[in-house]
Amino acid sequence: MTVSTDSDIQADYEGRTYYFCCASCREKFLADPAAYLRQPLTGKAAPRAAALSGDTAEEVVYSCPMDPEVRENHPGACPKCGMDLEPLYVTPKLEDGRDDAEYRSLRRNFVVALLMTVLLTVINCRPQWVGIRRDLFNDLLQLLGCSLLLFGPARFLLRRGLASLRYRSFNMFTLILLGVGTAYCYSVYGVFFYENLPADMLNEVGRARLYFEPAAMIATLIMLGQLLEARARAKTGHAIRTLMRLAPPTADLVGADGRVTEIPLERITPGDILRVKPGDRIPVDGVLVSGTSYVDESMLTGEPVPVGKKVGDEVVAGTLNGQGAFDFEARRVGSETLLSRIIALVSEAQRSRPPVQYLVDKVSAVFVPVVVLCAVAAFLVWTYGFHNFEFGLLTGISILLVACPCALGLATPMSITVGLGLGARSGVLIRSAEAMEWMRRISVILLDKTGTLTQGKPTLTGMIAADGVSEEELLRTAAALENYS
């Protein structure tokens with residue numbers, strides 16, 4: 001069955017509009033949209049839905065917080081620095097769980113990696129604990145466990161390291177790849193070809209010393225750092241979505257015949273007449289055409305006292321209507337509303353770079369090659385100068401891993417992200433990362449905005465009665481006047 005796009009029975013889901021033959025089909029679809037979108041919409045029980053012709057999901061562009069010039073049409077890692085790409089919202093979304101999904105995925109992978117590392121430690125130490133000789137079976141178990149970890153939950157670390165080599169943009173993932181990869185490859189060689197190694201590189205039972213456990217442990221610790229980073233971004237995302245939720249998801253559209261229809265926020269167009277009931281939030285920016293009311297605009301101005309509104313006055317999306325109902329004409333919708341511009345401003349500030357970040361980039365570009373040269377030099381000195389290949393290899397791997405510039409590469413962008421998120425939750429909107437850096441030079445701040453330093457609402461702190469009137473009589477009269485307020 002085919003449903004025409006002229007049907008009045010419709011629903012919006014994930015940026016697309018679906019049309020239905022009857023209201024019951026629409027209700028079934030809204031109860032579990034994903035279940036119907038996973039299968040063909042056929043059969044008596046399935047809602048017959050048709051996507052609006054030409055209506056496609058908004059394309060999301062992803063950018064790197066450290067390298068804003070990087071632009072991709074899909075999520076993933078930055079090819080230059082290895083950090084996760086952040087979505088650039090063309091139109092702010094009321095709900096978006098990308099940050100939470102990334103955090104949950106990393107948390108799940110970290111838990112799996114941690115359990116595998118513990119198991120690998122047990123396998124490695126079991127021969128010593130129970131007093132038996134280490135054999136090929138034990139070595140193969142270590143090889144299997146480390147391989148599953150590195151090419152399973154921790155594979156994104158190796159993938160980012162390979163990308164850094166491919167684009168010749170050295171970063172901490174370059175060092176991780178070289179260090180963990182060298183330890184893993186040497187251990188694999190030691191499992192199968194230990195007879196070819198010198199006697200001083202073998203243990204007391206004649207087998208090669210393996211480094212599967214240190215490689216897995218280092219990868220797991222790096223994943224912990226990535227998890228903490230994702231957690232900070234998720235918290236910042238929550239703060240921005242708190243601003244987004246100030247705008248209601250639906251609005252009451254007043255038709256030409258006076259009928260009121262509830263429509264999603266995305267379908268509002270300039271010129272539509274919308275009705276706002278007492279206690280509702282205003283969906284878009286506009287001008288009153290009928291009715292009067294008082295509107296709480298404290299989310300914009302900080303003023304606790306509601307502002308009176310009459311015909312011809314402007315109202316702003318996200319503000320809260322008081323006791324009266326009114327109709328207003330939509331003027332600015334979608335990304336043009338003041339609230340959307342504020343959200344876009346905060347999102348843009350997250351992706352901005354302070355001047356110190358350019359210095360960090362220059363230092364990182366030199367730091368990584370120097371670390372690699374130091375690791376190679378240490379390996380050569382111990383191998384050929386002191387004839388200790390194993391210790392030289394271990395020293396080189398240690399230098400690569402210990403020198404990972406995690407703090408150097410991540411401290412600046414993460415401090416910006418967390419700072420902007422904390423500010424947004426406290427109602428402080430920061431225009432750019434550069435402004436944050438310049439704030440350290442501020443010595444005096446002048447504030448004249450109610451609610452910034454106060455509680456944001458008036459409180460009775462005392463009374464001064466006129467001559468001939470007692471405070472008790474004044475309080476009794478005021479209480480009588482406000483009895484029905």
# chains A, B, ... in the order shown; residues from 1 in each chain; ligands from 1
$ residues_around --residues "segment 292-297 of chain A" --least-positions-apart "6" --cutoff "8 Å" --atoms "only C-alpha atoms" --output "count of residues only"
17
$ residues_around --residues "segment 211-213 of chain A" --least-positions-apart "6" --cutoff "8 Å" --atoms "only C-alpha atoms" --output "PyMOL selection string"
chain A and resi 117+120-121+124+142-143+146+183-184+186-187
$ closest_residue --among "A:Arg209, A:Arg168, A:Arg267, A:Arg134" --to "Glu390 of chain A" --atoms "only C-alpha atoms"
A:Arg209
$ closest_residue --among "A:Thr301, A:Arg207, A:Leu158, A:Cys22" --to "Leu178 of chain A" --atoms "only C-alpha atoms"
A:Leu158
$ select_by_dssp --residues "segment 144-281 of chain A" --states "strand (DSSP E)" --output "PyMOL selection string"
chain A and resi 250-254+260-264+273-276
$ write_last_selection --atoms "N, CA and C atoms" --output "PDB file, in the first residue's frame"
ATOM      1  N   THR A 250       7.405  20.418  20.677  1.00  0.00           N
ATOM      2  CA  THR A 250       6.221  20.632  19.831  1.00  0.00           C
ATOM      3  C   THR A 250       5.657  22.026  20.078  1.00  0.00           C
ATOM      4  N   ALA A 251       4.747  22.445  19.205  1.00  0.00           N
ATOM      5  CA  ALA A 251       4.075  23.741  19.329  1.00  0.00           C
ATOM      6  C   ALA A 251       2.636  23.595  18.860  1.00  0.00           C
ATOM      7  N   ASP A 252       1.761  24.489  19.328  1.00  0.00           N
ATOM      8  CA  ASP A 252       0.345  24.496  18.935  1.00  0.00           C
ATOM      9  C   ASP A 252       0.156  25.478  17.790  1.00  0.00           C
ATOM     10  N   LEU A 253      -0.139  24.946  16.594  1.00  0.00           N
ATOM     11  CA  LEU A 253      -0.327  25.761  15.398  1.00  0.00           C
ATOM     12  C   LEU A 253      -1.800  26.130  15.257  1.00  0.00           C
ATOM     13  N   VAL A 254      -2.066  27.432  15.106  1.00  0.00           N
ATOM     14  CA  VAL A 254      -3.428  27.927  14.912  1.00  0.00           C
ATOM     15  C   VAL A 254      -3.688  28.026  13.415  1.00  0.00           C
ATOM     16  N   VAL A 260      -6.631  24.313  16.372  1.00  0.00           N
ATOM     17  CA  VAL A 260      -5.283  24.232  16.925  1.00  0.00           C
ATOM     18  C   VAL A 260      -4.754  22.811  16.733  1.00  0.00           C
ATOM     19  N   THR A 261      -3.582  22.701  16.111  1.00  0.00           N
ATOM     20  CA  THR A 261      -2.960  21.406  15.844  1.00  0.00           C
ATOM     21  C   THR A 261      -1.569  21.380  16.441  1.00  0.00           C
ATOM     22  N   GLU A 262      -1.262  20.307  17.125  1.00  0.00           N
ATOM     23  CA  GLU A 262       0.085  20.153  17.686  1.00  0.00           C
ATOM     24  C   GLU A 262       1.039  19.651  16.611  1.00  0.00           C
ATOM     25  N   ILE A 263       2.120  20.378  16.381  1.00  0.00           N
ATOM     26  CA  ILE A 263       3.093  20.011  15.344  1.00  0.00           C
ATOM     27  C   ILE A 263       4.484  19.982  15.959  1.00  0.00           C
ATOM     28  N   PRO A 264       5.407  19.212  15.383  1.00  0.00           N
ATOM     29  CA  PRO A 264       6.785  19.218  15.889  1.00  0.00           C
ATOM     30  C   PRO A 264       7.474  20.539  15.584  1.00  0.00           C
ATOM     31  N   ILE A 273       1.063  31.107  12.926  1.00  0.00           N
ATOM     32  CA  ILE A 273       0.480  31.630  14.163  1.00  0.00           C
ATOM     33  C   ILE A 273       0.475  30.498  15.184  1.00  0.00           C
ATOM     34  N   LEU A 274       1.115  30.720  16.309  1.00  0.00           N
ATOM     35  CA  LEU A 274       1.256  29.697  17.339  1.00  0.00           C
ATOM     36  C   LEU A 274       0.595  30.170  18.626  1.00  0.00           C
ATOM     37  N   ARG A 275       0.030  29.218  19.346  1.00  0.00           N
ATOM     38  CA  ARG A 275      -0.621  29.531  20.617  1.00  0.00           C
ATOM     39  C   ARG A 275       0.213  28.997  21.764  1.00  0.00           C
ATOM     40  N   VAL A 276       0.387  29.821  22.791  1.00  0.00           N
ATOM     41  CA  VAL A 276       1.145  29.433  23.973  1.00  0.00           C
ATOM     42  C   VAL A 276       0.229  29.494  25.182  1.00  0.00           C
TER      43      VAL A 276
END
$ residues_around --residues "Ile222 of chain A" --least-positions-apart "4" --cutoff "9 Å" --atoms "only C-alpha atoms" --output "number ranges by chain"
A: 157, 176, 217-218, 226-227, 406
$ atom_distance --atom1 "atom CA of Leu114 of chain A" --atom2 "atom CA of Leu136 of chain A"
24.4 Å
$ residues_around --residues "Thr174 of chain A" --least-positions-apart "5" --cutoff "8 Å" --atoms "only C-alpha atoms" --output "ChimeraX atom specification"
/A:160-162,164-165,368
$ write_last_selection --atoms "N, CA, C and O atoms" --output "CSV table (one decimal), in the first residue's frame"
chain,number,residue,atom,x,y,z
A,160,ARG,N,44.8,4.4,15.0
A,160,ARG,CA,45.2,5.8,15.0
A,160,ARG,C,46.7,5.9,14.8
A,160,ARG,O,47.1,6.9,14.2
A,161,GLY,N,47.4,5.0,15.4
A,161,GLY,CA,48.9,5.0,15.2
A,161,GLY,C,49.3,4.9,13.7
A,161,GLY,O,50.1,5.6,13.2
A,162,LEU,N,48.6,3.9,13.1
A,162,LEU,CA,48.9,3.7,11.6
A,162,LEU,C,48.5,5.0,10.8
A,162,LEU,O,49.2,5.3,9.9
A,164,SER,N,48.6,8.0,11.9
A,164,SER,CA,49.6,9.1,12.1
A,164,SER,C,50.8,8.8,11.2
A,164,SER,O,51.4,9.8,10.7
A,165,LEU,N,51.2,7.6,11.0
A,165,LEU,CA,52.3,7.3,10.1
A,165,LEU,C,52.0,7.6,8.7
A,165,LEU,O,52.8,8.1,7.9
A,368,VAL,N,57.7,14.2,19.4
A,368,VAL,CA,57.6,12.8,19.0
A,368,VAL,C,58.8,12.3,18.3
A,368,VAL,O,59.4,11.2,18.6
$ residues_around --residues "segment 195-198 of chain A" --least-positions-apart "6" --cutoff "10 Å" --atoms "only C-alpha atoms" --output "PyMOL selection string"
chain A and resi 189+206-208+388-390
$ select_by_dssp --residues "segment 233-301 of chain A" --states "alpha helix (DSSP H)" --output "list in words"
Arg233, Ala234, Lys235, Thr236, Gly237, His238, Ala239, Ile240, Arg241, Thr242, Leu243, Met244, Ser298, Met299, Leu300 and Thr301 of chain A
$ atom_distance --atom1 "atom CA of Ala219 of chain A" --atom2 "atom CA of Leu119 of chain A"
14.7 Å
$ closest_residue --among "A:Leu106, A:Ala479, A:Val287, A:Leu422" --to "Gly225 of chain A" --atoms "only C-alpha atoms"
A:Leu106
$ atom_distance --atom1 "atom CA of Leu177 of chain A" --atom2 "atom CA of Val376 of chain A"
14.8 Å
$ residues_around --residues "Arg331 of chain A" --least-positions-apart "5" --cutoff "12 Å" --atoms "only C-alpha atoms" --output "list in words"
Ile268, Thr269, Pro270, Gly271, Asp272, Ile273, Leu274, Pro283, Val284, Asp285, Gly286, Val287, Leu288, Val289, Glu314, Val315, Val316, Ala317, Glu336, Thr337 and Leu338 of chain A
$ write_last_selection --atoms "N, CA, C and O atoms" --output "mmCIF file, in the first residue's frame"
data_model
loop_
_atom_site.group_PDB
_atom_site.id
_atom_site.type_symbol
_atom_site.label_atom_id
_atom_site.label_comp_id
_atom_site.auth_asym_id
_atom_site.auth_seq_id
_atom_site.Cartn_x
_atom_site.Cartn_y
_atom_site.Cartn_z
ATOM 1 N N ILE A 268 7.661 24.171 12.020
ATOM 2 C CA ILE A 268 7.256 25.571 12.142
ATOM 3 C C ILE A 268 7.983 26.405 11.092
ATOM 4 O O ILE A 268 9.194 26.272 10.889
ATOM 5 N N THR A 269 7.262 27.253 10.420
ATOM 6 C CA THR A 269 7.833 28.138 9.407
ATOM 7 C C THR A 269 7.509 29.589 9.760
ATOM 8 O O THR A 269 6.513 29.860 10.453
ATOM 9 N N PRO A 270 8.334 30.541 9.336
ATOM 10 C CA PRO A 270 8.033 31.948 9.604
ATOM 11 C C PRO A 270 6.652 32.329 9.067
ATOM 12 O O PRO A 270 6.277 31.958 7.962
ATOM 13 N N GLY A 271 5.906 33.044 9.861
ATOM 14 C CA GLY A 271 4.556 33.440 9.488
ATOM 15 C C GLY A 271 3.478 32.603 10.129
ATOM 16 O O GLY A 271 2.296 33.007 10.141
ATOM 17 N N ASP A 272 3.819 31.436 10.672
ATOM 18 C CA ASP A 272 2.829 30.606 11.353
ATOM 19 C C ASP A 272 2.350 31.304 12.616
ATOM 20 O O ASP A 272 3.096 32.010 13.294
ATOM 21 N N ILE A 273 1.063 31.107 12.926
ATOM 22 C CA ILE A 273 0.480 31.630 14.163
ATOM 23 C C ILE A 273 0.475 30.498 15.184
ATOM 24 O O ILE A 273 -0.121 29.437 14.942
ATOM 25 N N LEU A 274 1.115 30.720 16.309
ATOM 26 C CA LEU A 274 1.256 29.697 17.339
ATOM 27 C C LEU A 274 0.595 30.170 18.626
ATOM 28 O O LEU A 274 0.592 31.366 18.940
ATOM 29 N N PRO A 283 8.135 28.271 21.805
ATOM 30 C CA PRO A 283 8.927 27.401 20.924
ATOM 31 C C PRO A 283 9.910 28.132 20.020
ATOM 32 O O PRO A 283 11.004 27.637 19.772
ATOM 33 N N VAL A 284 9.529 29.301 19.475
ATOM 34 C CA VAL A 284 10.398 30.040 18.551
ATOM 35 C C VAL A 284 10.279 31.524 18.849
ATOM 36 O O VAL A 284 9.440 31.952 19.645
ATOM 37 N N ASP A 285 11.108 32.333 18.196
ATOM 38 C CA ASP A 285 11.029 33.782 18.358
ATOM 39 C C ASP A 285 9.867 34.327 17.530
ATOM 40 O O ASP A 285 9.593 33.846 16.418
ATOM 41 N N GLY A 286 9.188 35.336 18.059
ATOM 42 C CA GLY A 286 8.071 35.906 17.311
ATOM 43 C C GLY A 286 7.517 37.160 17.961
ATOM 44 O O GLY A 286 8.117 37.726 18.887
ATOM 45 N N VAL A 287 6.343 37.581 17.467
ATOM 46 C CA VAL A 287 5.687 38.810 17.924
ATOM 47 C C VAL A 287 4.240 38.495 18.265
ATOM 48 O O VAL A 287 3.543 37.795 17.506
ATOM 49 N N LEU A 288 3.753 38.983 19.417
ATOM 50 C CA LEU A 288 2.367 38.749 19.838
ATOM 51 C C LEU A 288 1.378 39.384 18.863
ATOM 52 O O LEU A 288 1.572 40.534 18.431
ATOM 53 N N VAL A 289 0.339 38.622 18.534
ATOM 54 C CA VAL A 289 -0.725 39.151 17.674
ATOM 55 C C VAL A 289 -2.053 39.215 18.416
ATOM 56 O O VAL A 289 -2.982 39.903 17.964
ATOM 57 N N GLU A 314 7.831 41.430 21.408
ATOM 58 C CA GLU A 314 8.564 40.242 20.966
ATOM 59 C C GLU A 314 8.687 39.225 22.095
ATOM 60 O O GLU A 314 8.802 39.588 23.268
ATOM 61 N N VAL A 315 8.660 37.958 21.705
ATOM 62 C CA VAL A 315 8.910 36.862 22.642
ATOM 63 C C VAL A 315 10.045 36.004 22.070
ATOM 64 O O VAL A 315 10.265 35.958 20.861
ATOM 65 N N VAL A 316 10.753 35.329 22.961
ATOM 66 C CA VAL A 316 11.970 34.608 22.589
ATOM 67 C C VAL A 316 11.811 33.135 22.935
ATOM 68 O O VAL A 316 11.246 32.782 23.979
ATOM 69 N N ALA A 317 12.316 32.276 22.069
ATOM 70 C CA ALA A 317 12.252 30.833 22.280
ATOM 71 C C ALA A 317 12.949 30.441 23.575
ATOM 72 O O ALA A 317 14.012 30.967 23.906
ATOM 73 N N GLU A 336 17.742 30.055 13.510
ATOM 74 C CA GLU A 336 17.717 31.520 13.546
ATOM 75 C C GLU A 336 17.263 32.067 14.885
ATOM 76 O O GLU A 336 17.402 33.268 15.136
ATOM 77 N N THR A 337 16.704 31.233 15.768
ATOM 78 C CA THR A 337 16.243 31.738 17.053
ATOM 79 C C THR A 337 17.421 32.148 17.924
ATOM 80 O O THR A 337 18.550 31.675 17.743
ATOM 81 N N LEU A 338 17.145 33.015 18.890
ATOM 82 C CA LEU A 338 18.198 33.480 19.779
ATOM 83 C C LEU A 338 18.767 32.318 20.588
ATOM 84 O O LEU A 338 19.978 32.216 20.790
#
